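Worksheet: the structure to be examined is printed underneath.
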Amino acid sequence: MGEIQRAVQLLQQGELVALPTETVYGLGAHARNPAALAKIFAAKGRPSDHPLIVHLADPAQLDDWAIQIPDTARALAAAFWPGPLTLILKRAPGVPDLVTGGQDTVGLRIPGHPVALELLRAFGDGVAAPSANRFGRISPTTAQHVRQELGDRVPLVLEGGACEVGLESTILDLSREGVPTILRPGAIGPDDIARVIGIRPRLRGETPAPAEAEAPPADAPRVSGALAAHYAPRTPLLLAPLPELLALAAPGDTLVAHSPAPAILPAGITWHPAPADPAAYGHALYATLRSLDESPCTRILVEAPPADLPWAAIADRLGRAAVGSGPQDSTDTLA
């Protein structure tokens with residue numbers, strides 16, 4: 001039996017399958033099977049009111065999962081699917097509450113990875129697939145990351161190489177009237193969206209620190225990855241401009257910077273150069289954090305990214321990683 005056929009069989013039986021996407025590896029379950037969905041929450045230690053994203057194989061499946069679908073949603077699906085864009089729409093009747101977190105909306109996308117697409121086409125229905133890691137911790141971008149993180153909690157991990165994008169999808173809320181809102185920044189930015197629908201969406205997270213970013217509308221739906229603490233290593237992570245980090249650095253620290261190294265470094269620190277290009281930086285970010293989290297370094301000091309729109313998703317992830325970092329926090333109690 002081939003791996004895809006085995007994965008389909010496991011999903012049909014209500015089991016979990018980890019699958020590669022272009023963003024991160026997902027922990028998949030049949031999105032219409034509440035018992036299977038419950039296994040996602042148990043394996044991740046994820047709160048049950050935290051909504052899941054449903055992965056589809058074809059834009060025609062939108063009508064199976066959502067109602068009152070605006071023309072803008074269909075235009076964006078045609079332009080960016082398969083790809084790293086999740087659309088928040090009004091849920092259709094029958095969509096399980098465990099998918100939506102009990103809300104009247106549902107998140108949908110078609111992933112841009114050949115293995116994921118092959119699985120979804122063979123399965124023929126939606127697969128709910130949050131990142132395949134412990135809740136709040138660093139997202140996995142290789143199959144080995146999933147195995148290290150979840151072990152035998154996942155009967156099958158499909159191999160798909162390193163994720164091309166490396167950061168979770170952009171989440172765009174189209175469920176309410178008015179200007180669309182980006183609830184989680186990603187590789188597809190507001191200007192990309194505006195070129196398709198003629199409206200520039202509101203964007204929260206344009207500044208490096210999430211606490212300084214524009215708050216979402218009061219009635220915006222809850223979405224994945226929006227908690228203040230997320231994507232976090234167990235090693236303490238400090239995020240600040242490079243001069244501040246150099247002043248704070250102590251022996252045993254590792255300093256991750258996209259700027260050139262100074263001529264003289266503080267004694268006892270390790271310099272870790274990061275890409276100066278935001279796409280390359282995002283691709284490497286989670287793998288870098290995992291590697292450093294497994295190293296003997298005492299602290300991870302990360303140079304704050306530029307306050308430019310192409311860096312918004314990176315700034316968002318690093319800000320949340322800094323808040324949630326360290327060995328003693330609530331994410332560990334959810335195991």
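Residue numbering restarts at 1 for every chain of the structure tokens, chains are lettered A, B, ... in their displayed order, and ligands are numbered from 1 as they appear.
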Which neighbours of stretch 219-234 of chain A fall inside 6 Å, counting only C-alpha atoms, when residues of the same chain fewer than 5 positions from it are skipped, and could you give them as a ChimeraX atom specification?
/A:51,136-138,293,320-321,323-327
Using only C-alpha atoms, determine which residues lie at most 12 Å from A:Pro305, disregarding the query and same-chain residues fewer than 5 positions distant; provide the list as a ChimeraX atom specification.
/A:206-209,239-242,256-259,274-278,281-282,285,310-319
Please, which residues of stretch 174-314 of chain A, numbered as in this document, come out alpha helix (DSSP H) from DSSP, as an NGL selection string?
:A and (190-197 or 242-248 or 278-293 or 312-314)
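Each of A:Ala267, A:Ala128, A:Val179, A:Ala279 was checked against A:Gly166 using only C-alpha atoms; the smallest atom-to-atom distance is that of A:Ala279.
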Rounded to one decimal in Å, what is the spacing between atom CA of A:Gly161 and atom CA of A:Thr141?
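Interatomic distance, atom CA of A:Gly161 to atom CA of A:Thr141: 8.3 Å.
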Closest atom pairs, stretch 102-144 of chain A residues within 10 Å of stretch 37-46 of chain A, only C-alpha atoms, as CSV:
```
residue,atom,partner,partner_atom,distance
A:Val127,CA,A:Leu37,CA,9.6
A:Ala128,CA,A:Leu37,CA,7.6
A:Ala129,CA,A:Ile40,CA,8.3
A:Pro130,CA,A:Ile40,CA,8.2
A:Ser131,CA,A:Lys44,CA,8.9
A:Ala132,CA,A:Lys44,CA,7.4
A:Asn133,CA,A:Lys44,CA,6.1
A:Arg134,CA,A:Lys44,CA,4.5
A:Phe135,CA,A:Lys44,CA,5.2
A:Gly136,CA,A:Arg46,CA,8.3
A:Arg137,CA,A:Lys44,CA,9.7
```
Please identify all polymer residues within 12 Å of A:Gln148, counting only C-alpha atoms, omitting same-chain residues fewer than 3 positions from it, and present them as a list of chain:residue names.
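My reading of the contact set: A:Ala132, A:Asn133, A:Arg134, A:Ile138, A:Ser139, A:Pro140, A:Thr141, A:Thr142, A:Ala143, A:Gln144, A:His145, A:Gly151, A:Asp152, A:Arg153, A:Val154, A:Val157, A:Arg290, A:Glu294.
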For A:Leu167: contacts at 7 Å, only C-alpha atoms, fewer than 5 positions along chain excluded, given as a short mmCIF file (atom, residue, chain, number, x, y, z; two decimals) with all heavy atoms, in the first residue's frame:
```cif
data_model
loop_
_atom_site.label_atom_id
_atom_site.label_comp_id
_atom_site.auth_asym_id
_atom_site.auth_seq_id
_atom_site.Cartn_x
_atom_site.Cartn_y
_atom_site.Cartn_z
N THR A 23 3.57 25.92 3.87
CA THR A 23 3.76 26.82 5.02
C THR A 23 4.48 26.06 6.14
O THR A 23 5.66 26.28 6.38
CB THR A 23 2.41 27.37 5.49
OG1 THR A 23 1.51 26.29 5.79
CG2 THR A 23 1.80 28.26 4.42
N VAL A 24 3.76 25.18 6.82
CA VAL A 24 4.35 24.31 7.85
C VAL A 24 3.69 22.94 7.73
O VAL A 24 2.72 22.76 6.99
CB VAL A 24 4.15 24.88 9.28
CG1 VAL A 24 4.80 26.25 9.40
CG2 VAL A 24 2.66 24.96 9.64
N GLY A 186 0.98 36.86 6.69
CA GLY A 186 1.73 35.76 6.10
C GLY A 186 2.39 36.19 4.81
O GLY A 186 2.58 37.38 4.56
N GLY A 282 12.00 34.13 6.60
CA GLY A 282 10.81 33.38 7.01
C GLY A 282 10.96 31.89 6.77
O GLY A 282 10.55 31.08 7.60
N HIS A 283 11.56 31.52 5.65
CA HIS A 283 11.77 30.12 5.32
C HIS A 283 12.63 29.43 6.39
O HIS A 283 12.37 28.27 6.75
CB HIS A 283 12.44 30.00 3.96
CG HIS A 283 12.91 28.63 3.63
ND1 HIS A 283 12.06 27.62 3.21
CD2 HIS A 283 14.15 28.06 3.66
CE1 HIS A 283 12.75 26.51 3.01
NE2 HIS A 283 14.02 26.75 3.27
#
```
For atom CA of A:Glu15 and atom CA of A:Ile88, quote the distance in Å rounded to one decimal.
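Computed distance, atom CA of A:Glu15 to atom CA of A:Ile88, equals 25.9 Å.
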Could you write out, as a PyMOL selection string, all the residues of stretch 101-162 of chain A that DSSP marks as strand (DSSP E)?
chain A and resi 105-109+127-128+156-157
Between atom CA of A:Ile269 and atom CA of A:Val302, distance in Å (one decimal)
12.7 Å
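Proximity to A:Ala122 was assessed for A:Pro185, A:Gly107, A:Gly2, A:Pro180 counting only C-alpha atoms; the smallest distance is recorded for A:Gly2.
Residue nearest A:Val196, chosen from A:Ile264, A:Ala77, A:Trp271, A:Leu246 and counting only C-alpha atoms: A:Ala77.
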Applying 8 Å and only C-alpha atoms, which residues near stretch 115-121 of chain A remain after dropping the ones on its own chain fewer than 4 positions away? List them as a PDB file with C-alpha atoms, in the first residue's frame.
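In the end it all went to selection-v1.pdb:
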```
ATOM      1  CA  ILE A   4      -1.067   8.314   0.183  1.00  0.00           C
ATOM      2  CA  ALA A   7      -3.013   8.134   4.737  1.00  0.00           C
ATOM      3  CA  VAL A   8      -6.485   8.167   3.159  1.00  0.00           C
ATOM      4  CA  LEU A  19       1.101  16.235   6.085  1.00  0.00           C
ATOM      5  CA  PRO A  20       3.510  18.710   4.496  1.00  0.00           C
ATOM      6  CA  THR A  21       2.286  22.033   3.161  1.00  0.00           C
ATOM      7  CA  HIS A  55      -7.713  22.185   3.894  1.00  0.00           C
ATOM      8  CA  LEU A  56      -9.436  21.492   0.578  1.00  0.00           C
ATOM      9  CA  ALA A  57      -8.428  20.115  -2.807  1.00  0.00           C
ATOM     10  CA  ILE A 110      -5.979  24.914  -0.505  1.00  0.00           C
ATOM     11  CA  PRO A 111      -2.331  24.178   0.351  1.00  0.00           C
ATOM     12  CA  ASP A 125     -13.199  15.832   1.677  1.00  0.00           C
ATOM     13  CA  GLY A 126     -11.850  18.514   3.967  1.00  0.00           C
ATOM     14  CA  VAL A 127      -8.917  17.856   6.282  1.00  0.00           C
ATOM     15  CA  LEU A 158       4.022  12.031   5.212  1.00  0.00           C
ATOM     16  CA  GLY A 160       7.516  16.266   1.854  1.00  0.00           C
TER      17      GLY A 160
END
```
Env of A:Thr105: 10 Å cut, atoms = only C-alpha atoms, seq-sep filter 5 positions within chain, self excluded. Answer as an mmCIF file with C-alpha atoms, in the first residue's frame.
```
data_model
loop_
_atom_site.group_PDB
_atom_site.id
_atom_site.type_symbol
_atom_site.label_atom_id
_atom_site.label_comp_id
_atom_site.auth_asym_id
_atom_site.auth_seq_id
_atom_site.Cartn_x
_atom_site.Cartn_y
_atom_site.Cartn_z
ATOM 1 C CA PRO A 51 -10.503 27.045 15.693
ATOM 2 C CA TRP A 65 -18.097 24.429 3.919
ATOM 3 C CA ALA A 66 -19.238 28.059 3.670
ATOM 4 C CA ILE A 67 -22.330 30.143 2.888
ATOM 5 C CA LEU A 87 -10.186 32.737 3.962
ATOM 6 C CA ILE A 88 -12.530 33.229 6.918
ATOM 7 C CA LEU A 89 -16.128 32.844 5.756
ATOM 8 C CA LYS A 90 -19.552 32.156 7.245
ATOM 9 C CA ARG A 91 -19.750 28.464 8.098
ATOM 10 C CA ALA A 92 -22.155 26.153 6.332
ATOM 11 C CA VAL A 95 -19.581 22.105 9.988
ATOM 12 C CA ASP A 97 -18.062 23.125 16.269
ATOM 13 C CA VAL A 99 -13.536 23.076 13.521
ATOM 14 C CA THR A 100 -14.915 26.558 14.156
ATOM 15 C CA ASP A 173 -11.501 37.705 7.296
ATOM 16 C CA LEU A 174 -14.207 38.039 4.643
ATOM 17 C CA SER A 175 -17.065 37.070 6.952
ATOM 18 C CA ARG A 176 -18.257 40.577 7.745
ATOM 19 C CA ALA A 220 -13.462 39.640 14.516
ATOM 20 C CA PRO A 221 -13.469 35.846 14.762
ATOM 21 C CA ARG A 222 -10.862 33.966 16.763
ATOM 22 C CA VAL A 223 -8.219 32.432 14.503
#
```
With distances taken over only C-alpha atoms, the candidate from A:Pro155, A:Pro70, A:Pro59, A:Gly26 nearest A:Leu108 is A:Pro59
